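> Here you go, one structure.
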Amino acid sequence: MSHYSRVIGTGGYLPEKVLTNEEISLTVETSDSWIHERTGIKSRRIAAAHESASSMAEIAARQAIEVAGCDPETIDLIIVATGTPDRVYPSTGCLLQQRLGIKNAVAFDVQAACSGSIFGLSIADQYIKSGAAKTVLVVGSEICSRIVDWTDRSTCVLFGDGAGAVLLQAAEEKGILSTHIHSDGEYEDLLYCPNPQAAAKESEEEAGYIIMRGNEVFKVAVNTLGRIVDETLEANDMDKTDIDWLVPHQANIRIIAATAKKLKMSMDQVVVTLETQGNTSSASVLLAFNEAVRDGRIQRGQVVLLEAFGAGFTWGSALIRY
Ligand code: COA
């Protein structure tokens with residue numbers, strides 16, 4: 001009997017078009033220095049008109065499958081984390097299944113905003129540990145540029161588009177050591193994206209764009225991510241020094257630095273992609289993980305802490321022996 005979910009492949013995709021802070025400052029009242037100092041972001045990628053969450057997910061997924069050298073037909077579960085699905089239904093998971101031509105899998109979406117890929121990893125791990133699935137594809141794919149109000153300087157500078165993927169397989173060697181996921185709907189008003197089509201008709205008309213009280217979100221994020229670090233270490237009876245790499249959600253360099261400080265980690269042990277990608281929501285952690293695996297920073301056998309925080313609020317972590 002296999003007890004662990006082992007990472008056998010990773011993949012990522014970023015659209016070609018780069019949008020710099022300077023370019024944004026031509027359309028809204030902001031500056032490269034304000035954005036970079038407050039967030040750490042210099043530029044982000046923007047999907048082309050023909051692209052969608054499922055088309056980007058396909059590219060990232062194919063890469064993960066190729067790296068793993070895995071027969072796609074052995075994949076028995078596909079989980080897509082997205083807040084920007086191509087369609088209300090079918091799920092982006094089903095659309096991805098069709099694109100990949102995989103017949104014998106069950107596919108569905110997870111909606112946990114920026115924590116989506118951590119929620120996806122947690123679900124995948126439960127399926128594998130219980131024996132209900134053997135090979136699971138988890139993808140985070142987001143086309144944030146379509147739900148951002150490009151006239152709102154407090155949000156439009158933050159987000160970007162992209163997709164990250166990871167392929168997990170049941171194994172006897174250690175892989176995912178633990179996952180921890182949480183939610184608290186009390187904070188629904190601090191960060192949300194209305195769905196005008198489905199909202200109650202007597203509710204105030206709002207466009208379908210991200211609305212955020214950034215300063216308040218910031219404070220809750222820093223505290224919450226500090227707590228999830230403690231929870232994860234305690235659950236594994238590990239010390240801060242046992243962690244080789246932190247792969248955080250890429251929302252703001254100051255939030256990332258606060259988590260690194262809590263772990264007493266140098267920023268050299270933290271994978272940071274937001275400078276050129278912005279916040280790609282549920283794609284960000286898997287994109288960063290893929291990048292550091294590809295460039296050889298993350299080595300087999302090392303302990304990697306993935307964490308994220310998002311609307312809901314939702315938050316979570318996954319501790320992996322890679
Ligand atoms: N350019 C210039 N000024 C801007 C600006 C921009 N792009 N966006 C906001 N401002 C202004 C505000 O209007 C405000 O002006 P005022 O003092 O005259 O009212 C001032 O900057 C300070 O705004 P504030 O929101 O307090 O700034 P901040 O230091 O908190 O930084 C964020 C704003 C959004 C960068 C920061 O709060 C953040 O990153 N929050 C977390 C967001 C997050 O993680 N979201 C996703 C969770 S998954």
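Just remember, in the structure tokens the first chain shown is A, the second B, etc., residues are 1-based per chain, and ligands are 1-based in the order shown.
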Please provide the set of residues having any atom within 9 Å of range 273-288 of chain A, restricted to only C-alpha atoms, with same-chain residues fewer than 6 positions apart removed, written as a PDB file with N, CA, C and O atoms, in the first residue's frame.

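Output below, filename selection.pdb:
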ATOM      1  N   THR A  10       6.219  18.868 -12.875  1.00  0.00           N
ATOM      2  CA  THR A  10       5.657  20.217 -12.703  1.00  0.00           C
ATOM      3  C   THR A  10       5.649  20.923 -14.054  1.00  0.00           C
ATOM      4  O   THR A  10       6.412  20.571 -14.954  1.00  0.00           O
ATOM      5  N   GLY A  11       4.785  21.927 -14.176  1.00  0.00           N
ATOM      6  CA  GLY A  11       4.734  22.678 -15.431  1.00  0.00           C
ATOM      7  C   GLY A  11       4.240  24.088 -15.176  1.00  0.00           C
ATOM      8  O   GLY A  11       3.676  24.382 -14.112  1.00  0.00           O
ATOM      9  N   GLY A  12       4.455  24.955 -16.138  1.00  0.00           N
ATOM     10  CA  GLY A  12       3.985  26.333 -15.991  1.00  0.00           C
ATOM     11  C   GLY A  12       3.813  26.998 -17.331  1.00  0.00           C
ATOM     12  O   GLY A  12       4.409  26.585 -18.331  1.00  0.00           O
ATOM     13  N   TYR A  13       2.971  28.004 -17.347  1.00  0.00           N
ATOM     14  CA  TYR A  13       2.783  28.785 -18.578  1.00  0.00           C
ATOM     15  C   TYR A  13       2.508  30.243 -18.222  1.00  0.00           C
ATOM     16  O   TYR A  13       1.705  30.542 -17.343  1.00  0.00           O
ATOM     17  N   LEU A  14       3.202  31.131 -18.948  1.00  0.00           N
ATOM     18  CA  LEU A  14       2.947  32.565 -18.820  1.00  0.00           C
ATOM     19  C   LEU A  14       2.666  33.116 -20.212  1.00  0.00           C
ATOM     20  O   LEU A  14       3.417  32.823 -21.153  1.00  0.00           O
ATOM     21  N   VAL A  18       3.976  41.249 -21.990  1.00  0.00           N
ATOM     22  CA  VAL A  18       4.440  41.813 -20.723  1.00  0.00           C
ATOM     23  C   VAL A  18       3.816  43.200 -20.566  1.00  0.00           C
ATOM     24  O   VAL A  18       3.848  44.003 -21.502  1.00  0.00           O
ATOM     25  N   THR A  20       4.243  46.460 -18.209  1.00  0.00           N
ATOM     26  CA  THR A  20       5.119  47.034 -17.174  1.00  0.00           C
ATOM     27  C   THR A  20       4.360  48.063 -16.330  1.00  0.00           C
ATOM     28  O   THR A  20       3.317  48.589 -16.737  1.00  0.00           O
ATOM     29  N   HIS A  36       6.434  49.328  -7.150  1.00  0.00           N
ATOM     30  CA  HIS A  36       7.555  48.448  -6.782  1.00  0.00           C
ATOM     31  C   HIS A  36       7.839  48.510  -5.289  1.00  0.00           C
ATOM     32  O   HIS A  36       8.022  47.471  -4.636  1.00  0.00           O
ATOM     33  N   THR A  39       4.756  46.827  -3.373  1.00  0.00           N
ATOM     34  CA  THR A  39       4.354  45.446  -3.680  1.00  0.00           C
ATOM     35  C   THR A  39       5.505  44.540  -4.090  1.00  0.00           C
ATOM     36  O   THR A  39       5.410  43.316  -3.940  1.00  0.00           O
ATOM     37  N   GLY A  40       6.565  45.099  -4.682  1.00  0.00           N
ATOM     38  CA  GLY A  40       7.646  44.270  -5.229  1.00  0.00           C
ATOM     39  C   GLY A  40       7.445  43.933  -6.701  1.00  0.00           C
ATOM     40  O   GLY A  40       8.281  43.266  -7.312  1.00  0.00           O
ATOM     41  N   ILE A  41       6.332  44.425  -7.272  1.00  0.00           N
ATOM     42  CA  ILE A  41       6.003  44.066  -8.671  1.00  0.00           C
ATOM     43  C   ILE A  41       6.577  45.116  -9.643  1.00  0.00           C
ATOM     44  O   ILE A  41       6.484  46.319  -9.394  1.00  0.00           O
ATOM     45  N   LYS A  42       7.155  44.623 -10.742  1.00  0.00           N
ATOM     46  CA  LYS A  42       7.649  45.515 -11.809  1.00  0.00           C
ATOM     47  C   LYS A  42       6.814  45.346 -13.088  1.00  0.00           C
ATOM     48  O   LYS A  42       6.611  46.281 -13.836  1.00  0.00           O
ATOM     49  N   SER A  43       6.413  44.093 -13.342  1.00  0.00           N
ATOM     50  CA  SER A  43       5.625  43.818 -14.553  1.00  0.00           C
ATOM     51  C   SER A  43       4.804  42.559 -14.342  1.00  0.00           C
ATOM     52  O   SER A  43       5.016  41.824 -13.367  1.00  0.00           O
ATOM     53  N   ARG A  44       3.861  42.332 -15.226  1.00  0.00           N
ATOM     54  CA  ARG A  44       3.029  41.130 -15.159  1.00  0.00           C
ATOM     55  C   ARG A  44       2.725  40.697 -16.582  1.00  0.00           C
ATOM     56  O   ARG A  44       2.897  41.473 -17.530  1.00  0.00           O
ATOM     57  N   ARG A  45       2.263  39.445 -16.756  1.00  0.00           N
ATOM     58  CA  ARG A  45       1.911  38.932 -18.082  1.00  0.00           C
ATOM     59  C   ARG A  45       0.407  39.044 -18.280  1.00  0.00           C
ATOM     60  O   ARG A  45      -0.374  38.823 -17.356  1.00  0.00           O
ATOM     61  N   ALA A  81      -7.831  24.599 -10.068  1.00  0.00           N
ATOM     62  CA  ALA A  81      -8.155  25.715  -9.180  1.00  0.00           C
ATOM     63  C   ALA A  81      -8.217  26.962 -10.042  1.00  0.00           C
ATOM     64  O   ALA A  81      -7.245  27.293 -10.724  1.00  0.00           O
ATOM     65  N   THR A  82      -9.356  27.632 -10.034  1.00  0.00           N
ATOM     66  CA  THR A  82      -9.475  28.881 -10.783  1.00  0.00           C
ATOM     67  C   THR A  82     -10.623  29.726 -10.252  1.00  0.00           C
ATOM     68  O   THR A  82     -11.645  29.195  -9.809  1.00  0.00           O
ATOM     69  N   GLY A  83     -10.416  31.037 -10.313  1.00  0.00           N
ATOM     70  CA  GLY A  83     -11.500  31.971 -10.006  1.00  0.00           C
ATOM     71  C   GLY A  83     -11.960  32.633 -11.288  1.00  0.00           C
ATOM     72  O   GLY A  83     -12.828  33.521 -11.265  1.00  0.00           O
ATOM     73  N   GLN A 111     -12.731  26.249  -6.035  1.00  0.00           N
ATOM     74  CA  GLN A 111     -12.784  27.705  -5.983  1.00  0.00           C
ATOM     75  C   GLN A 111     -12.398  28.134  -4.578  1.00  0.00           C
ATOM     76  O   GLN A 111     -13.201  28.073  -3.661  1.00  0.00           O
ATOM     77  N   ALA A 112     -11.157  28.524  -4.398  1.00  0.00           N
ATOM     78  CA  ALA A 112     -10.707  29.022  -3.102  1.00  0.00           C
ATOM     79  C   ALA A 112      -9.849  30.256  -3.318  1.00  0.00           C
ATOM     80  O   ALA A 112      -8.898  30.509  -2.571  1.00  0.00           O
ATOM     81  N   ALA A 113     -10.164  31.004  -4.383  1.00  0.00           N
ATOM     82  CA  ALA A 113      -9.418  32.224  -4.744  1.00  0.00           C
ATOM     83  C   ALA A 113      -7.920  31.925  -4.782  1.00  0.00           C
ATOM     84  O   ALA A 113      -7.524  30.886  -5.297  1.00  0.00           O
ATOM     85  N   CYS A 114      -7.104  32.809  -4.185  1.00  0.00           N
ATOM     86  CA  CYS A 114      -5.646  32.651  -4.311  1.00  0.00           C
ATOM     87  C   CYS A 114      -5.106  31.402  -3.610  1.00  0.00           C
ATOM     88  O   CYS A 114      -3.980  30.993  -3.860  1.00  0.00           O
ATOM     89  N   SER A 115      -5.903  30.788  -2.718  1.00  0.00           N
ATOM     90  CA  SER A 115      -5.453  29.562  -2.045  1.00  0.00           C
ATOM     91  C   SER A 115      -5.816  28.311  -2.840  1.00  0.00           C
ATOM     92  O   SER A 115      -5.584  27.186  -2.368  1.00  0.00           O
ATOM     93  N   GLY A 116      -6.385  28.482  -4.016  1.00  0.00           N
ATOM     94  CA  GLY A 116      -6.951  27.360  -4.770  1.00  0.00           C
ATOM     95  C   GLY A 116      -6.002  26.203  -5.011  1.00  0.00           C
ATOM     96  O   GLY A 116      -6.396  25.033  -4.879  1.00  0.00           O
ATOM     97  N   SER A 117      -4.754  26.491  -5.359  1.00  0.00           N
ATOM     98  CA  SER A 117      -3.875  25.356  -5.676  1.00  0.00           C
ATOM     99  C   SER A 117      -3.476  24.596  -4.414  1.00  0.00           C
ATOM    100  O   SER A 117      -3.261  23.381  -4.463  1.00  0.00           O
ATOM    101  N   ILE A 118      -3.409  25.293  -3.264  1.00  0.00           N
ATOM    102  CA  ILE A 118      -3.124  24.585  -1.999  1.00  0.00           C
ATOM    103  C   ILE A 118      -4.327  23.707  -1.633  1.00  0.00           C
ATOM    104  O   ILE A 118      -4.170  22.557  -1.215  1.00  0.00           O
ATOM    105  N   VAL A 139      -3.933  21.724 -11.240  1.00  0.00           N
ATOM    106  CA  VAL A 139      -3.547  22.904 -12.019  1.00  0.00           C
ATOM    107  C   VAL A 139      -4.195  24.142 -11.400  1.00  0.00           C
ATOM    108  O   VAL A 139      -5.359  24.103 -11.001  1.00  0.00           O
ATOM    109  N   GLY A 140      -3.435  25.228 -11.332  1.00  0.00           N
ATOM    110  CA  GLY A 140      -3.999  26.537 -10.985  1.00  0.00           C
ATOM    111  C   GLY A 140      -3.884  27.402 -12.225  1.00  0.00           C
ATOM    112  O   GLY A 140      -2.783  27.538 -12.771  1.00  0.00           O
ATOM    113  N   SER A 141      -4.994  27.945 -12.700  1.00  0.00           N
ATOM    114  CA  SER A 141      -4.937  28.735 -13.939  1.00  0.00           C
ATOM    115  C   SER A 141      -5.823  29.970 -13.801  1.00  0.00           C
ATOM    116  O   SER A 141      -6.987  29.855 -13.414  1.00  0.00           O
ATOM    117  N   GLU A 142      -5.251  31.124 -14.105  1.00  0.00           N
ATOM    118  CA  GLU A 142      -6.015  32.367 -13.882  1.00  0.00           C
ATOM    119  C   GLU A 142      -5.796  33.394 -14.973  1.00  0.00           C
ATOM    120  O   GLU A 142      -4.665  33.629 -15.400  1.00  0.00           O
ATOM    121  N   ILE A 143      -6.883  34.016 -15.354  1.00  0.00           N
ATOM    122  CA  ILE A 143      -6.841  35.085 -16.327  1.00  0.00           C
ATOM    123  C   ILE A 143      -7.380  36.336 -15.621  1.00  0.00           C
ATOM    124  O   ILE A 143      -8.443  36.868 -15.895  1.00  0.00           O
ATOM    125  N   CYS A 144      -6.593  36.758 -14.602  1.00  0.00           N
ATOM    126  CA  CYS A 144      -7.010  37.858 -13.711  1.00  0.00           C
ATOM    127  C   CYS A 144      -7.258  39.148 -14.482  1.00  0.00           C
ATOM    128  O   CYS A 144      -8.087  39.971 -14.071  1.00  0.00           O
ATOM    129  N   VAL A 157      -2.861  47.205 -10.519  1.00  0.00           N
ATOM    130  CA  VAL A 157      -1.404  47.070 -10.570  1.00  0.00           C
ATOM    131  C   VAL A 157      -0.927  45.733  -9.988  1.00  0.00           C
ATOM    132  O   VAL A 157       0.243  45.385 -10.111  1.00  0.00           O
ATOM    133  N   LEU A 158      -1.839  45.003  -9.340  1.00  0.00           N
ATOM    134  CA  LEU A 158      -1.412  43.853  -8.542  1.00  0.00           C
ATOM    135  C   LEU A 158      -1.412  42.511  -9.279  1.00  0.00           C
ATOM    136  O   LEU A 158      -0.634  41.625  -8.941  1.00  0.00           O
ATOM    137  N   PHE A 159      -2.313  42.364 -10.252  1.00  0.00           N
ATOM    138  CA  PHE A 159      -2.583  41.014 -10.745  1.00  0.00           C
ATOM    139  C   PHE A 159      -1.973  40.711 -12.121  1.00  0.00           C
ATOM    140  O   PHE A 159      -1.653  41.622 -12.891  1.00  0.00           O
ATOM    141  N   GLY A 160      -1.851  39.405 -12.419  1.00  0.00           N
ATOM    142  CA  GLY A 160      -1.336  38.951 -13.703  1.00  0.00           C
ATOM    143  C   GLY A 160      -1.962  37.622 -14.086  1.00  0.00           C
ATOM    144  O   GLY A 160      -2.729  37.035 -13.307  1.00  0.00           O
ATOM    145  N   ASP A 161      -1.625  37.133 -15.279  1.00  0.00           N
ATOM    146  CA  ASP A 161      -2.209  35.891 -15.801  1.00  0.00           C
ATOM    147  C   ASP A 161      -1.159  34.774 -15.869  1.00  0.00           C
ATOM    148  O   ASP A 161       0.031  35.053 -16.057  1.00  0.00           O
ATOM    149  N   GLY A 162      -1.610  33.536 -15.787  1.00  0.00           N
ATOM    150  CA  GLY A 162      -0.682  32.408 -15.927  1.00  0.00           C
ATOM    151  C   GLY A 162      -1.296  31.117 -15.409  1.00  0.00           C
ATOM    152  O   GLY A 162      -2.415  31.111 -14.878  1.00  0.00           O
ATOM    153  N   ALA A 163      -0.546  30.024 -15.573  1.00  0.00           N
ATOM    154  CA  ALA A 163      -1.010  28.716 -15.093  1.00  0.00           C
ATOM    155  C   ALA A 163       0.173  27.906 -14.582  1.00  0.00           C
ATOM    156  O   ALA A 163       1.266  27.942 -15.158  1.00  0.00           O
ATOM    157  N   GLY A 164      -0.052  27.178 -13.492  1.00  0.00           N
ATOM    158  CA  GLY A 164       0.968  26.267 -12.950  1.00  0.00           C
ATOM    159  C   GLY A 164       0.349  24.895 -12.754  1.00  0.00           C
ATOM    160  O   GLY A 164      -0.852  24.791 -12.495  1.00  0.00           O
ATOM    161  N   ALA A 165       1.168  23.853 -12.900  1.00  0.00           N
ATOM    162  CA  ALA A 165       0.629  22.485 -12.783  1.00  0.00           C
ATOM    163  C   ALA A 165       1.582  21.598 -12.004  1.00  0.00           C
ATOM    164  O   ALA A 165       2.799  21.810 -12.016  1.00  0.00           O
ATOM    165  N   VAL A 166       1.006  20.610 -11.347  1.00  0.00           N
ATOM    166  CA  VAL A 166       1.817  19.594 -10.670  1.00  0.00           C
ATOM    167  C   VAL A 166       1.125  18.250 -10.847  1.00  0.00           C
ATOM    168  O   VAL A 166      -0.105  18.162 -10.826  1.00  0.00           O
ATOM    169  N   VAL A 247       7.908  28.433  -0.616  1.00  0.00           N
ATOM    170  CA  VAL A 247       7.295  28.803  -1.902  1.00  0.00           C
ATOM    171  C   VAL A 247       5.953  29.449  -1.574  1.00  0.00           C
ATOM    172  O   VAL A 247       4.928  28.775  -1.428  1.00  0.00           O
ATOM    173  N   PRO A 248       5.952  30.769  -1.403  1.00  0.00           N
ATOM    174  CA  PRO A 248       4.736  31.448  -0.947  1.00  0.00           C
ATOM    175  C   PRO A 248       3.840  31.902  -2.094  1.00  0.00           C
ATOM    176  O   PRO A 248       4.304  32.056  -3.233  1.00  0.00           O
ATOM    177  N   HIS A 249       2.583  32.172  -1.755  1.00  0.00           N
ATOM    178  CA  HIS A 249       1.704  32.863  -2.701  1.00  0.00           C
ATOM    179  C   HIS A 249       2.310  34.236  -2.967  1.00  0.00           C
ATOM    180  O   HIS A 249       2.826  34.891  -2.057  1.00  0.00           O
ATOM    181  N   GLN A 250       2.232  34.670  -4.220  1.00  0.00           N
ATOM    182  CA  GLN A 250       2.941  35.883  -4.638  1.00  0.00           C
ATOM    183  C   GLN A 250       1.978  37.071  -4.711  1.00  0.00           C
ATOM    184  O   GLN A 250       1.534  37.462  -5.794  1.00  0.00           O
ATOM    185  N   ALA A 251       1.622  37.629  -3.546  1.00  0.00           N
ATOM    186  CA  ALA A 251       0.717  38.784  -3.552  1.00  0.00           C
ATOM    187  C   ALA A 251       1.475  40.087  -3.315  1.00  0.00           C
ATOM    188  O   ALA A 251       1.201  41.090  -3.968  1.00  0.00           O
ATOM    189  N   ASN A 252       2.419  40.057  -2.365  1.00  0.00           N
ATOM    190  CA  ASN A 252       3.118  41.287  -1.996  1.00  0.00           C
ATOM    191  C   ASN A 252       4.435  40.889  -1.329  1.00  0.00           C
ATOM    192  O   ASN A 252       4.444  40.054  -0.426  1.00  0.00           O
ATOM    193  N   ILE A 253       5.528  41.484  -1.773  1.00  0.00           N
ATOM    194  CA  ILE A 253       6.854  41.096  -1.259  1.00  0.00           C
ATOM    195  C   ILE A 253       6.941  41.333   0.242  1.00  0.00           C
ATOM    196  O   ILE A 253       7.652  40.612   0.959  1.00  0.00           O
ATOM    197  N   LEU A 306       4.900  25.193   0.944  1.00  0.00           N
ATOM    198  CA  LEU A 306       4.069  25.997   0.053  1.00  0.00           C
ATOM    199  C   LEU A 306       2.951  26.601   0.898  1.00  0.00           C
ATOM    200  O   LEU A 306       2.374  25.897   1.740  1.00  0.00           O
ATOM    201  N   GLU A 307       2.644  27.875   0.682  1.00  0.00           N
ATOM    202  CA  GLU A 307       1.536  28.467   1.447  1.00  0.00           C
ATOM    203  C   GLU A 307       0.815  29.522   0.624  1.00  0.00           C
ATOM    204  O   GLU A 307       1.395  30.095  -0.304  1.00  0.00           O
ATOM    205  N   ALA A 308      -0.453  29.757   0.987  1.00  0.00           N
ATOM    206  CA  ALA A 308      -1.223  30.775   0.258  1.00  0.00           C
ATOM    207  C   ALA A 308      -2.327  31.344   1.127  1.00  0.00           C
ATOM    208  O   ALA A 308      -2.748  30.739   2.128  1.00  0.00           O
ATOM    209  N   GLY A 310      -6.037  33.879   0.491  1.00  0.00           N
ATOM    210  CA  GLY A 310      -6.862  34.516  -0.534  1.00  0.00           C
ATOM    211  C   GLY A 310      -8.250  34.876  -0.052  1.00  0.00           C
ATOM    212  O   GLY A 310      -8.593  34.711   1.130  1.00  0.00           O
TER     213      GLY A 310
END
> Could you pull the residues within 7 Å of Val138 in chain A, counting only C-alpha atoms, minus those fewer than 2 positions along the same chain, as a count of residues only?
10
> Given a cut-off of 7 Å, what residues near ligand 1 show up using only C-alpha atoms and all ligand atoms, put as a list in words?
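The residues near ligand 1 are Glu29, Thr30, Ser31, Trp34, Ile35, Arg38, Thr39, Cys114, Arg153, Ser154, Thr155, Val157, Arg213, Gly214, Asn215, Glu216, Val217, Phe218, Ala221, Ala251, Asn252, Ser281, Phe309, Gly310 and Ala311 of chain A.
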> Using only N, CA, C and O atoms, please write the residues we just selected to a file, as a CSV table (one decimal), in the first residue's frame.

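Saved result, out-v2.csv, follows:
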chain,number,residue,atom,x,y,z
A,29,GLU,N,-3.4,56.9,-12.4
A,29,GLU,CA,-2.4,57.8,-11.6
A,29,GLU,C,-1.6,56.9,-10.7
A,29,GLU,O,-2.1,56.6,-9.5
A,30,THR,N,-0.5,56.5,-11.1
A,30,THR,CA,0.4,55.7,-10.3
A,30,THR,C,1.8,55.8,-10.9
A,30,THR,O,2.0,56.6,-11.8
A,31,SER,N,2.8,55.1,-10.3
A,31,SER,CA,4.2,55.2,-10.8
A,31,SER,C,4.9,53.8,-10.5
A,31,SER,O,4.5,53.1,-9.6
A,34,TRP,N,6.0,53.7,-6.9
A,34,TRP,CA,5.0,53.4,-5.9
A,34,TRP,C,4.7,51.9,-5.9
A,34,TRP,O,4.7,51.2,-4.9
A,35,ILE,N,4.5,51.4,-7.1
A,35,ILE,CA,4.1,49.9,-7.2
A,35,ILE,C,5.2,49.0,-6.7
A,35,ILE,O,5.0,48.1,-5.9
A,38,ARG,N,5.8,49.4,-2.8
A,38,ARG,CA,4.7,48.8,-2.0
A,38,ARG,C,4.4,47.3,-2.2
A,38,ARG,O,3.8,46.7,-1.3
A,39,THR,N,4.8,46.8,-3.4
A,39,THR,CA,4.4,45.4,-3.7
A,39,THR,C,5.5,44.5,-4.1
A,39,THR,O,5.4,43.3,-3.9
A,114,CYS,N,-7.1,32.8,-4.2
A,114,CYS,CA,-5.6,32.7,-4.3
A,114,CYS,C,-5.1,31.4,-3.6
A,114,CYS,O,-4.0,31.0,-3.9
A,153,ARG,N,-6.7,52.0,-9.7
A,153,ARG,CA,-5.2,51.9,-9.4
A,153,ARG,C,-4.9,51.0,-8.2
A,153,ARG,O,-3.8,50.5,-8.1
A,154,SER,N,-5.9,50.9,-7.3
A,154,SER,CA,-5.5,50.1,-6.1
A,154,SER,C,-5.6,48.6,-6.3
A,154,SER,O,-5.1,47.8,-5.5
A,155,THR,N,-6.1,48.2,-7.4
A,155,THR,CA,-6.1,46.7,-7.7
A,155,THR,C,-5.4,46.4,-9.0
A,155,THR,O,-4.8,45.3,-9.1
A,157,VAL,N,-2.9,47.2,-10.5
A,157,VAL,CA,-1.4,47.1,-10.6
A,157,VAL,C,-0.9,45.7,-10.0
A,157,VAL,O,0.2,45.4,-10.1
A,213,ARG,N,-10.1,45.8,0.0
A,213,ARG,CA,-9.6,46.8,1.0
A,213,ARG,C,-8.2,46.3,1.3
A,213,ARG,O,-8.0,45.5,2.3
A,214,GLY,N,-7.3,46.7,0.5
A,214,GLY,CA,-5.9,46.1,0.5
A,214,GLY,C,-5.2,46.2,1.8
A,214,GLY,O,-4.6,45.2,2.2
A,215,ASN,N,-5.3,47.3,2.5
A,215,ASN,CA,-4.6,47.5,3.7
A,215,ASN,C,-5.1,46.5,4.8
A,215,ASN,O,-4.3,45.9,5.5
A,216,GLU,N,-6.4,46.3,4.8
A,216,GLU,CA,-7.0,45.4,5.8
A,216,GLU,C,-6.6,43.9,5.5
A,216,GLU,O,-6.3,43.1,6.4
A,217,VAL,N,-6.7,43.6,4.2
A,217,VAL,CA,-6.3,42.3,3.7
A,217,VAL,C,-4.8,42.0,4.1
A,217,VAL,O,-4.5,40.9,4.6
A,218,PHE,N,-4.0,43.0,3.9
A,218,PHE,CA,-2.6,42.8,4.2
A,218,PHE,C,-2.4,42.4,5.6
A,218,PHE,O,-1.6,41.4,5.9
A,221,ALA,N,-3.6,38.8,6.3
A,221,ALA,CA,-2.7,37.9,5.6
A,221,ALA,C,-1.4,37.6,6.4
A,221,ALA,O,-1.1,36.4,6.6
A,251,ALA,N,1.6,37.6,-3.5
A,251,ALA,CA,0.7,38.8,-3.6
A,251,ALA,C,1.5,40.1,-3.3
A,251,ALA,O,1.2,41.1,-4.0
A,252,ASN,N,2.4,40.1,-2.4
A,252,ASN,CA,3.1,41.3,-2.0
A,252,ASN,C,4.4,40.9,-1.3
A,252,ASN,O,4.4,40.1,-0.4
A,281,SER,N,-3.0,34.8,-8.6
A,281,SER,CA,-4.0,34.1,-7.8
A,281,SER,C,-3.7,32.6,-7.7
A,281,SER,O,-2.6,32.3,-7.2
A,309,PHE,N,-2.8,32.5,0.7
A,309,PHE,CA,-3.9,33.2,1.4
A,309,PHE,C,-4.7,33.9,0.3
A,309,PHE,O,-4.2,34.4,-0.6
A,310,GLY,N,-6.0,33.9,0.5
A,310,GLY,CA,-6.9,34.5,-0.5
A,310,GLY,C,-8.3,34.9,-0.1
A,310,GLY,O,-8.6,34.7,1.1
A,311,ALA,N,-9.1,35.4,-1.0
A,311,ALA,CA,-10.4,35.8,-0.7
A,311,ALA,C,-11.2,34.7,0.0
A,311,ALA,O,-11.0,33.5,-0.3
> Name the residues in contact with Phe313 in chain A at a cut-off of 7 Å, using only C-alpha atoms, excluding same-chain residues fewer than 6 positions from it; report them as a list in words.
Ser183, Asp184, Gly185, Tyr187 and Glu188 of chain A
> What's the 10 Å shell around Val270 in chain A, counting only C-alpha atoms, without same-chain residues fewer than 6 positions away, as a list in words?
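The residues satisfying every condition are Asp244, Trp245, Leu246, Val247, Pro248, Ile256, Ala257, Thr259, Ala260, Ala288, Ala292, Val304 and Leu305 of chain A.
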> Rank A:Glu22, A:Leu137, A:Ile147, A:Thr241 by their smallest atom-to-atom distance to Gln63 in chain A, using only C-alpha atoms, and report the top residue only.
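Using only C-alpha atoms, Gln63 in chain A sits closest to A:Leu137.
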> Suppose you want the space between CA of Ile8 in chain A and CA of Val67 in chain A; what is it in Å?
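Distance between the two atoms: 7.7 Å.
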